[in-house]
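Chemist: Just dropping this structure here.
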Amino acid sequence: MGTFLIDGHVIPFKPGDNILRAALEANIQIPHFCYHAALGSLGACRLCAVEINSKDSGKAPRVAMACLEPSEDGLEVSVSAIAAQQIRQHVIEFLMINHPHDCPICDEGGECHLQDMTVACGPPYRRYRGRKRTFLNQDLGPLIHHEMNRCITCYRCTRFYQDYALGNDLGAMRLRNEVYFGRFQDGPLENPFAGNLVEVCPTGVFTDAIFRQRFARVWDLKTAPSICPHCSVGCNTLPGARDGTLRRVRNRAHPELNRWFICDRGRYGHQYSEHSTRPLAPRVSGADTSYHDALTAAALQIKLAQNRIGGFGSAREDMEGNAMLQALLNKLGGVFTAFCDPELETATIAAVSALQNIGNAPSLADIEQIDAALIIGDLTAHAPMIDLALRQAYRKGAKLALLHSSPTLLAQFATTAISVSPREVYTRLSRLCELVNIESIANDMTEAPMADIVASLMGARNSLLIGAIETLTAYEVFALEKLATTLGSDTRLAYAFPGANAYGAALLSSAGNASTMLEAVENGKIRILIVAGNDPLGDSRFGSRWRAACHNLSALIVLDCISTVTAKAADILFPVAAWTERSGTFINYEGRSQGFSSVFHRSEYLPSVAEVITNLGQYLGRSLPDAESVLCDIFSDFQTPKPGTTGSLITVPALTMPITASIHSIQKSCNSTWQAALASWYGDEALASFASGLMALTPETVALIEPTSAVNAGLENGSQVKLHGPAGSMVLPVRLNQGVATGTIAIARNVLVQLGVGHGDSLELEQVL
Amino acid sequence: MEALLTRYLDPVAPLNLVAYQATGGYRGLTAAFDLKPEKIIDIVEAANLRGRGGAGFPCGLKWRLRGADAPSPRYLICNLDESEPGTFKDRYLLYGSPHQIIEAIIVSAFALQVERAFIFVRGEYAKGGNALNQAIQEAETAGLLGTNIGGSGFNLQIEAHLSGGRYICGEETAQINAIEGRRPNPRPKIPRPSTHGLWGQPTTSNNVETLINVPHILLNGADWFRDLGVNGGCGSKLFCVSGKVQHPGLFELPCGTPARELIFEYAGGLDEGRTLLGFLPGGASTAFLLPEHLDVPMDFDPMAEAGSRLGTGSIIVLDDATCPVKVTLNLMRFFARESCGFCTPCRDGLPYLVQILTSISSGEGQADDLELLDELSTTIASQSFCAFAPGAVMPLVSSLKCFHEHYEHHVTAGHCRFDKTVKDKT
């Protein structure tokens with residue numbers, strides 16, 4: 001740690017900092033293009049020229065690139081020196097030779113780094129009299145618009161795409177002033193983080209194609225700090241709205257979570273709130289009505305049912321909505337849970353309790369520093385930004401090991417990837433635990449891949465065990481916890497939870513309530529079901545039972561902002577505000593409580609879940625305290641986190657769960673040859689599945705089968721098979737895939753729903769000839 | 001003087017291993033294995049063998065600086081990516097005597113204790129590359145490559161890498177990227193390739209002409225080598241002469257031979273009735289010299305003192321019927337085309353210079369264009385990332401000085417003095 005001077009300002013620096021990095025950290029601007037805090041120095045653009053006075057007074061000052069010049073104690077640096085200014089002016093002049101000067105119609109206008117730098121450093125007039133070089137653009141898919149003529153060749157896009165996000169279908173081609181950044185052929189960018197090109201590009205080469213469809217100038221956008229609702233990582237975002245509609249979502253840096261980047265689901269999933277099927281008016285018995293009439297109808301039904309009531313909160317519903325629903329149900333003597341799948345309920349609660357025992361999950365910044373990881377399941381779909389953080393760890397040399405049942409993108413970076421059927425995961429985890437306790441396993445070749453995993457975890461200074469809850473049972477959650485305990489304190493534990501507020505929802509739920517509720521509806525003990533942001537009728541494993549059981553209800557009351565199967569079946573539907581249209585609190589996978597603001601209001605009246613429940617309480621004559629008071633009653637020192645801050649870890653009383661009892665009820669039958677596995681992809685999530693741009697990239701609907709299993713069953717690539725599940729059957733083409741476990745058929749979520757099976761359930765396969 | 005480097009050259013039917021050995025080939029190898037590696041470096045250093053690729057860095061010093069204790073694996077690259085306009089000396093070496101190259105690499109690799117060497121061959125020299133691969137196979141079969149060469153305990157593997165074909169691949173660090181299979185952009189010079197080169201390991205790069213001197217130095221001694229030169233130069237040098245001369249060609253002469261001798265004696269002088277306007281002494285990326293420089297020794301330091309560079313020792317001659325503006329434009333088009341596109345001044349600045357030169361050349365230049373060329377060249381040369389752009393603007397900057405009146409004439413008269421279809425206004 002030392003200091004140097006920039007035009008009289010004292011700049012502190014850390015060892016290894018170059019002048020530009022130290023200056024930017026100290027909030028002193030030095031013009032630059034190719035330097036990016038996440039991508040480092042390159043030295044290509046030559047804009048960050050500064051004049052450096054040597055400590056040796058006899059030496060003449062020299063001009064250097066601030067991004068390549070190491071910080072030194074006592075250096076005197078000048079950004080304003082004439083020599084440096086002249087170089088910057090020339091660089092801008094060179095860069096603008098071929099630029100189309102199309103700022104008036106450019107999507108980047110107003111937030112264009114090139115525009116800012118040109119105004120700040122460039123010559124006032126153009127001297128170049130020749131023709132401009134032009135390019136043909138490429139079709140890069142539905143999410144990103146390509147406009148190569150604007151390129152200033154800073155190489156940020158390829159450095160992000162190839163070096164940082166480890167993608168391989170976008171790169172620099174050709175040379176001289178014809179360097180072209182694109183794909184080998186037209187086609188959608190394949191990397192799940194490709195959308196960051198929009199923000200990484202300092203000008204308008206890569207722009208947001210979804211935003212472009214309903215474009216607004218950046219200065220006309222209403223923004224407010226928000227939290228991404230599309231998974232449990234809790235990335236900080238900055239949505240932008242205009243005229244009562246949401247137009248785009250951008251990254252908002254959080255020092256420990258998403259610093260510069262978000263995933264494409266987070267960037268493009270927001271289209272759910274603009275979907276044509278979104279409910280915008282209250283409905284009673286299929287007819288649109290007013291909120292007052294809907295509340296009156298709901299209150300009447302609840303009174304008639306004499307409090308035989310149950311309610312679902314949701315892992316994607318905020319703390320306020322869940323807690324208010326629970327408070328109302330408490331007053332009415334009803335049952336509450338946030339999970340409609342009993343297995344998911346126990347697994348999620350088990351995971352929160354495991355983290356309470358072991359210690360909190362590491363932040364994304366911490367995950368980037370680990371040197372070994374064991375990953376259970378597919379993180380790219382369940383927590384995309386944890387995948388990106390693990391890619392950074394991999395770049396630094398971390399050894400990644402994977403146990404997975406269906407194809408997962410991280411496998412290509414794994415030192416050891418073992419495909420195991422869902423039912424085999426528990427055995428494998430237990431065996432890993434045993435191996436940790438056995439000495440000199442390395443020589444035992446029969447255990448080779450498993451022993452390798454153990455060796456890399458035991459040899460690591462800083463390791464991580466992480467699993468995707470949606471594809472784990474509580475057994476496996478505990479097995480992973482046990483492995484973490486066995487490995488010792490150098491091992492961190494984390495879970496990718498099934499929803500932005502799954503951690504918080506688990507704190508409010510009790511294991512076993514989901515089964516209790518299903519049985520109570522089936523046997524008529526519950527007559528009224530309130531569903532807030534959940535979709536029991538659309539559940540893959542229990543959907544058909546729920547759909548049947550709902551005939552016993554006198555009223556299904558649904559609060560949601562998307563048109564789920566349950567919302568469509570609602571007797572009384574309350575459309576509610578989407579996450580950008582209201583404020584609230586999410587608790588992320590670390591247990592970090594983060595607040596989000598209302599960004600804008602639509603022209604329709606759309607209250608939050610908490611507001612609807614408050615009103616319903618009033619109509620029932622049961623007035624409820626406000627959400628903050630309710631939360632304070634549950635969590636003694638709860639404070640609503642201020643949006644725009646980094647949030648804080650929620651302190652909660654230790655969870656107790658009658659785990660053996662609840663696990664026992666969900667033991668699976670194992671009498672079939674085939675097991676179903678969820679074949680997930682990064683766009684696959686309840687809200688994002690209503691985002692049309694993202695959905696245009698949905699992989700083809702196929703049955704993925706491991707080659708040897710397929711050959712044994714007489715199947716080949718392209719064979720047609722009919723899959724049978726409890727809820728129905730479906731004919732699909734077979735695709736052979738090495739990433740699927742033996743005896744497993746990996747199928748998309750919508751196929752699981754149609755068949756009525758969950759991840760790990762049995763499945764019948766019949767070849768269609 | 002006696003042919004040394006060109007002794008074995010037969011571009012039509014290069015010597016196979018047996019024939020090469022019969023005429024004295026691979027004797028340098030035997031001499032080398034009798035010495036300790038550090039002794040070889042001492043001798044090369046004492047011989048004052050300077051890099052023939054253009055920069056003239058002392059070869060012995062380069063080898064010493066890499067250090068005998070550099071971590072393994074370490075690599076040697078023989079740079080045969082000859083792309084400099086006017087330069088065809090390495091081509092003769094490749095097509096004429098591939099075994100001479102292999103012998104030189106084995107000796108140098110032994111001195112550097114390198115077990116894997118690469119020959120980076122210009123893409124257009126594909127046929128030569130094939131011949132080289134055949135020669136490598138011959139040498140492997142004969143036990144001159146591989147493990148425990150000649151019972152010395154020394155192992156070496158040589159791979160010929162045929163370039164994808166760009167001028168920038170001749171740049172040391174771009175070449176390293178190319179061999180690694182990456183885009184051939186230059187790398188930052190710190191850390192140096194001598195410590196962090198190919199795959200992050202210590203790497204030594206030498207021009208092929210530099211290396212083929214080494215066996216001869218070992219056979220005949222450092223003093224003998226130094227005495228080969230004249231006018232203060234050391235050793236033998238391959239010179240190329242092209243342009244407006246009667247007999248363009250490759251000439252092996254003592255280092256330090258003046259251009260007058262090369263142009264007028266060996267290359268047969270200019271065409272009847274023509275006089276010398278100027279010449280490029282060391283390839284396209286060197287500064288123009290004038291008739292007054294004809295007697296400056298063609299050696300590294302004297303050429304630098306005259307304001308140019310020895311470069312590759314490739315003279316390009318301009319006579320008084322040649323428009324220097326058009327020649328310069330031609331060169332600048334080449335360099336603008338060959339920029340790798342990495343840094344702004346080179347990528348976008350060189351085409352800017354081409355645009356201005358084009359308009360001057362076609363008589364559409366404006367009064368302040370000459371100043372603008374000067375102004376832009378200064379930034380391009382000083383602020384670009386690698387040595388490509390400083391070299392690229394050298395002929396332009398010197399051309400503006402040496403042939404100023406020709407540029408003035410284009411701008412003021414609106415046409416070229418040599419364009420017979422236009423009547424001169426002045």
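In the structure tokens, chains take the letters A, B, ... in the order shown, each chain's residues start at 1, and ligands count up from 1 in the order shown.
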Enumerate the residues of segment 234-346 of chain B with a DSSP assignment of alpha helix (DSSP H), computed from the backbone, and present them as a PyMOL selection string.

Modeler: chain B and resi 259-260+300-305+324-338+344-346

Chemist: Filtering to C-alpha atoms, could you give me those residues as a tab-separated table (two decimals), in the first residue's frame?

Modeler:
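Once written, part-v5.tsv looks like this:
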chain	number	residue	atom	x	y	z
B	259	ALA	CA	25.62	0.10	-50.51
B	260	ARG	CA	27.56	1.59	-53.41
B	300	PHE	CA	23.87	-1.91	-37.62
B	301	ASP	CA	25.44	1.12	-35.96
B	302	PRO	CA	26.52	3.10	-39.06
B	303	MET	CA	23.04	2.70	-40.56
B	304	ALA	CA	21.44	3.94	-37.33
B	305	GLU	CA	23.77	6.92	-37.32
B	324	PRO	CA	8.82	8.32	-54.52
B	325	VAL	CA	5.31	9.31	-53.48
B	326	LYS	CA	3.84	6.30	-55.26
B	327	VAL	CA	6.55	4.03	-53.84
B	328	THR	CA	5.79	5.28	-50.34
B	329	LEU	CA	2.04	4.89	-50.90
B	330	ASN	CA	2.65	1.33	-52.03
B	331	LEU	CA	4.63	0.58	-48.87
B	332	MET	CA	2.05	2.22	-46.63
B	333	ARG	CA	-0.73	0.21	-48.25
B	334	PHE	CA	1.22	-2.89	-47.40
B	335	PHE	CA	1.64	-1.92	-43.77
B	336	ALA	CA	-1.97	-0.76	-43.34
B	337	ARG	CA	-3.05	-4.10	-44.75
B	338	GLU	CA	-0.74	-6.09	-42.50
B	344	THR	CA	-5.73	1.92	-32.33
B	345	PRO	CA	-2.85	4.01	-33.72
B	346	CYS	CA	-1.65	1.22	-35.98

Chemist: Write down, as number ranges by chain, each residue of chain A that has any atom within 9 Å of an atom of chain B, counting only C-alpha atoms.

Modeler: A: 42-47, 49, 63-65, 68, 86-87, 90-95, 97-98, 128-131, 152-155, 172-179

Chemist: Find the residues around Glu103 of chain B up to 9 Å (only C-alpha atoms counted), leave out those fewer than 6 positions away in its own chain, and share them as a ChimeraX atom specification.

Modeler: /B:25-29,144,212,215

Chemist: For the selection just defined, write its residues with N, CA and C atoms to a file, as a PDB file, in the first residue's frame.

Modeler:
ATOM      1  N   GLY B  25      28.803 -30.773 -44.116  1.00  0.00           N
ATOM      2  CA  GLY B  25      27.687 -30.454 -43.231  1.00  0.00           C
ATOM      3  C   GLY B  25      27.721 -31.271 -41.946  1.00  0.00           C
ATOM      4  N   TYR B  26      27.107 -30.752 -40.922  1.00  0.00           N
ATOM      5  CA  TYR B  26      27.002 -31.347 -39.583  1.00  0.00           C
ATOM      6  C   TYR B  26      28.362 -31.470 -38.876  1.00  0.00           C
ATOM      7  N   ARG B  27      29.400 -30.832 -39.407  1.00  0.00           N
ATOM      8  CA  ARG B  27      30.656 -30.809 -38.677  1.00  0.00           C
ATOM      9  C   ARG B  27      30.563 -29.844 -37.494  1.00  0.00           C
ATOM     10  N   GLY B  28      29.744 -28.802 -37.688  1.00  0.00           N
ATOM     11  CA  GLY B  28      29.540 -27.833 -36.601  1.00  0.00           C
ATOM     12  C   GLY B  28      28.912 -28.508 -35.390  1.00  0.00           C
ATOM     13  N   LEU B  29      28.084 -29.500 -35.691  1.00  0.00           N
ATOM     14  CA  LEU B  29      27.397 -30.236 -34.617  1.00  0.00           C
ATOM     15  C   LEU B  29      28.428 -31.008 -33.777  1.00  0.00           C
ATOM     16  N   LEU B 144      20.149 -37.702 -35.691  1.00  0.00           N
ATOM     17  CA  LEU B 144      20.633 -36.341 -35.423  1.00  0.00           C
ATOM     18  C   LEU B 144      19.606 -35.539 -34.638  1.00  0.00           C
ATOM     19  N   ILE B 212      22.250 -19.795 -38.456  1.00  0.00           N
ATOM     20  CA  ILE B 212      23.139 -20.601 -39.325  1.00  0.00           C
ATOM     21  C   ILE B 212      24.588 -20.132 -39.248  1.00  0.00           C
ATOM     22  N   PRO B 215      27.146 -22.632 -36.260  1.00  0.00           N
ATOM     23  CA  PRO B 215      28.072 -23.758 -36.484  1.00  0.00           C
ATOM     24  C   PRO B 215      29.408 -23.296 -37.061  1.00  0.00           C
TER      25      PRO B 215
END

Chemist: With a distance cut-off of 8 Å and only C-alpha atoms, select the neighbouring residues of Asn79 of chain B, excluding the residue or stretch itself and same-chain residues fewer than 2 positions from it, and output the selection as JSON, numbers by chain.

Modeler: {"B": [77, 81, 82, 119, 120, 121, 170, 205, 206, 207, 208]}

Chemist: Please provide as a PDB file with C-alpha atoms, in the first residue's frame all residues within 9 Å of Thr744 of chain A, with the sequence filter that same-chain residues fewer than 4 positions apart are discarded (counting only C-alpha atoms).

Modeler:
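Written output follows (part.pdb):
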ATOM      1  CA  SER A 405     -28.003 -36.826 -13.833  1.00  0.00           C
ATOM      2  CA  SER A 406     -28.629 -34.693 -16.918  1.00  0.00           C
ATOM      3  CA  VAL A 420     -25.280 -40.627 -11.753  1.00  0.00           C
ATOM      4  CA  SER A 421     -28.983 -41.356 -11.774  1.00  0.00           C
ATOM      5  CA  PRO A 422     -31.022 -39.263  -9.325  1.00  0.00           C
ATOM      6  CA  THR A 673     -35.949 -49.547 -15.341  1.00  0.00           C
ATOM      7  CA  TRP A 674     -36.028 -45.854 -16.218  1.00  0.00           C
ATOM      8  CA  GLN A 675     -35.767 -42.817 -14.008  1.00  0.00           C
ATOM      9  CA  ALA A 676     -36.766 -39.332 -15.026  1.00  0.00           C
ATOM     10  CA  ALA A 677     -34.298 -36.479 -14.614  1.00  0.00           C
ATOM     11  CA  LEU A 704     -32.085 -37.339 -23.706  1.00  0.00           C
ATOM     12  CA  ILE A 705     -30.667 -40.800 -23.105  1.00  0.00           C
ATOM     13  CA  GLU A 706     -27.133 -42.009 -22.458  1.00  0.00           C
ATOM     14  CA  SER A 709     -28.528 -47.397 -22.119  1.00  0.00           C
ATOM     15  CA  VAL A 740     -27.118 -38.266 -19.002  1.00  0.00           C
ATOM     16  CA  GLY A 760     -35.913 -39.151  -9.866  1.00  0.00           C
TER      17      GLY A 760
END

Chemist: Could you pull the residues within 8 Å of Asp319 of chain B, counting only C-alpha atoms, minus those fewer than 2 positions along the same chain, as a list of chain:residue names?

Modeler: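 Once the adjacent positions are removed, what remains is B:Lys244, B:Leu270, B:Arg274, B:Thr275, B:Leu276, B:Leu277, B:Gly278, B:Val317, B:Ala321, B:Thr322.
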
Chemist: Write a file of the selected residues as an mmCIF file, in the first residue's frame, keeping C-alpha atoms.

Modeler:
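The resulting file, result_24.cif, is reproduced below:
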data_model
loop_
_atom_site.group_PDB
_atom_site.id
_atom_site.type_symbol
_atom_site.label_atom_id
_atom_site.label_comp_id
_atom_site.auth_asym_id
_atom_site.auth_seq_id
_atom_site.Cartn_x
_atom_site.Cartn_y
_atom_site.Cartn_z
ATOM 1 C CA LYS B 244 15.698 -0.408 -60.288
ATOM 2 C CA LEU B 270 21.014 1.144 -62.593
ATOM 3 C CA ARG B 274 19.220 6.576 -64.948
ATOM 4 C CA THR B 275 20.568 8.075 -61.768
ATOM 5 C CA LEU B 276 19.960 7.009 -58.182
ATOM 6 C CA LEU B 277 17.142 8.840 -56.419
ATOM 7 C CA GLY B 278 17.446 7.010 -53.105
ATOM 8 C CA VAL B 317 16.616 0.962 -55.218
ATOM 9 C CA ALA B 321 12.203 7.794 -63.138
ATOM 10 C CA THR B 322 10.402 6.471 -60.069
#

Chemist: For atom CA of Thr646 of chain A and atom CA of Trp260 of chain A, quote the distance in Å rounded to one decimal.

Modeler: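 That distance, rounded to one decimal, is 14.6 Å.
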
Chemist: Here is a test: counting only C-alpha atoms, which residue of A:Leu529, A:Ile747, A:Ala654, A:Val454 is nearest to Thr337 of chain A?

Modeler: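 Checking each of A:Leu529, A:Ile747, A:Ala654, A:Val454 against Thr337 of chain A, counting only C-alpha atoms, the winner is A:Leu529.
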
Chemist: Neighbours of segment 721-730 of chain A within 7 Å (only C-alpha atoms; same-chain residues fewer than 4 positions away dropped), as a ChimeraX atom specification?

Modeler: /A:544,734,754-757,763-768

Chemist: For the selection just defined, write its residues with N, CA and C atoms to a file, as a PDB file, in the first residue's frame.

Modeler:
ATOM      1  N   SER A 544     -51.199 -33.472 -10.751  1.00  0.00           N
ATOM      2  CA  SER A 544     -52.436 -34.191 -11.072  1.00  0.00           C
ATOM      3  C   SER A 544     -53.266 -34.438  -9.815  1.00  0.00           C
ATOM      4  N   VAL A 734     -35.649 -39.395 -29.572  1.00  0.00           N
ATOM      5  CA  VAL A 734     -34.519 -39.675 -28.680  1.00  0.00           C
ATOM      6  C   VAL A 734     -33.294 -38.913 -29.156  1.00  0.00           C
ATOM      7  N   GLN A 754     -46.307 -32.766 -17.892  1.00  0.00           N
ATOM      8  CA  GLN A 754     -47.294 -33.495 -18.685  1.00  0.00           C
ATOM      9  C   GLN A 754     -47.385 -34.968 -18.287  1.00  0.00           C
ATOM     10  N   LEU A 755     -46.217 -35.556 -17.946  1.00  0.00           N
ATOM     11  CA  LEU A 755     -46.209 -36.963 -17.547  1.00  0.00           C
ATOM     12  C   LEU A 755     -46.600 -37.138 -16.081  1.00  0.00           C
ATOM     13  N   GLY A 756     -46.466 -36.064 -15.319  1.00  0.00           N
ATOM     14  CA  GLY A 756     -46.789 -36.156 -13.897  1.00  0.00           C
ATOM     15  C   GLY A 756     -45.698 -36.813 -13.082  1.00  0.00           C
ATOM     16  N   VAL A 757     -44.456 -36.634 -13.488  1.00  0.00           N
ATOM     17  CA  VAL A 757     -43.352 -37.198 -12.714  1.00  0.00           C
ATOM     18  C   VAL A 757     -42.389 -36.099 -12.289  1.00  0.00           C
ATOM     19  N   LEU A 763     -40.332 -44.065 -14.674  1.00  0.00           N
ATOM     20  CA  LEU A 763     -40.915 -43.679 -15.942  1.00  0.00           C
ATOM     21  C   LEU A 763     -40.977 -44.924 -16.810  1.00  0.00           C
ATOM     22  N   GLU A 764     -42.050 -45.076 -17.578  1.00  0.00           N
ATOM     23  CA  GLU A 764     -42.123 -46.204 -18.507  1.00  0.00           C
ATOM     24  C   GLU A 764     -41.804 -45.711 -19.907  1.00  0.00           C
ATOM     25  N   LEU A 765     -41.010 -46.515 -20.609  1.00  0.00           N
ATOM     26  CA  LEU A 765     -40.627 -46.146 -21.968  1.00  0.00           C
ATOM     27  C   LEU A 765     -41.092 -47.211 -22.940  1.00  0.00           C
ATOM     28  N   GLU A 766     -41.664 -46.775 -24.027  1.00  0.00           N
ATOM     29  CA  GLU A 766     -42.148 -47.719 -25.039  1.00  0.00           C
ATOM     30  C   GLU A 766     -41.654 -47.205 -26.382  1.00  0.00           C
ATOM     31  N   GLN A 767     -41.008 -48.073 -27.146  1.00  0.00           N
ATOM     32  CA  GLN A 767     -40.482 -47.612 -28.425  1.00  0.00           C
ATOM     33  C   GLN A 767     -41.604 -47.523 -29.450  1.00  0.00           C
ATOM     34  N   VAL A 768     -41.645 -46.431 -30.181  1.00  0.00           N
ATOM     35  CA  VAL A 768     -42.651 -46.259 -31.224  1.00  0.00           C
ATOM     36  C   VAL A 768     -42.005 -46.654 -32.535  1.00  0.00           C
TER      37      VAL A 768
END

Chemist: Please report the interatomic distance between atom CA of Cys386 of chain B and atom CA of Gly51 of chain B in Å with one decimal.

Modeler: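 Interatomic distance here is 18.2 Å.
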
Chemist: For Trp219 of chain A, which residue among A:Gly141, A:Gly240, A:Gly617, A:Gly187 is the nearest when counting only C-alpha atoms?

Modeler: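 Closest to Trp219 of chain A, using only C-alpha atoms: A:Gly240.
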
Chemist: From segment 278-311 of chain A, collect each residue whose DSSP state is strand (DSSP E) and return the set as a count of residues only.

Modeler: 7

Chemist: Could you state the separation of atom CA of Leu140 of chain A and atom CA of Ala253 of chain A in Å, given to one decimal place?

Modeler: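 Those two atoms sit 26.2 Å apart.
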
Chemist: When distances are computed from only C-alpha atoms, which of B:Leu49, B:Ala31, B:Ala178, B:Met1 shows the smallest separation from Asp223 of chain B?

Modeler: B:Leu49
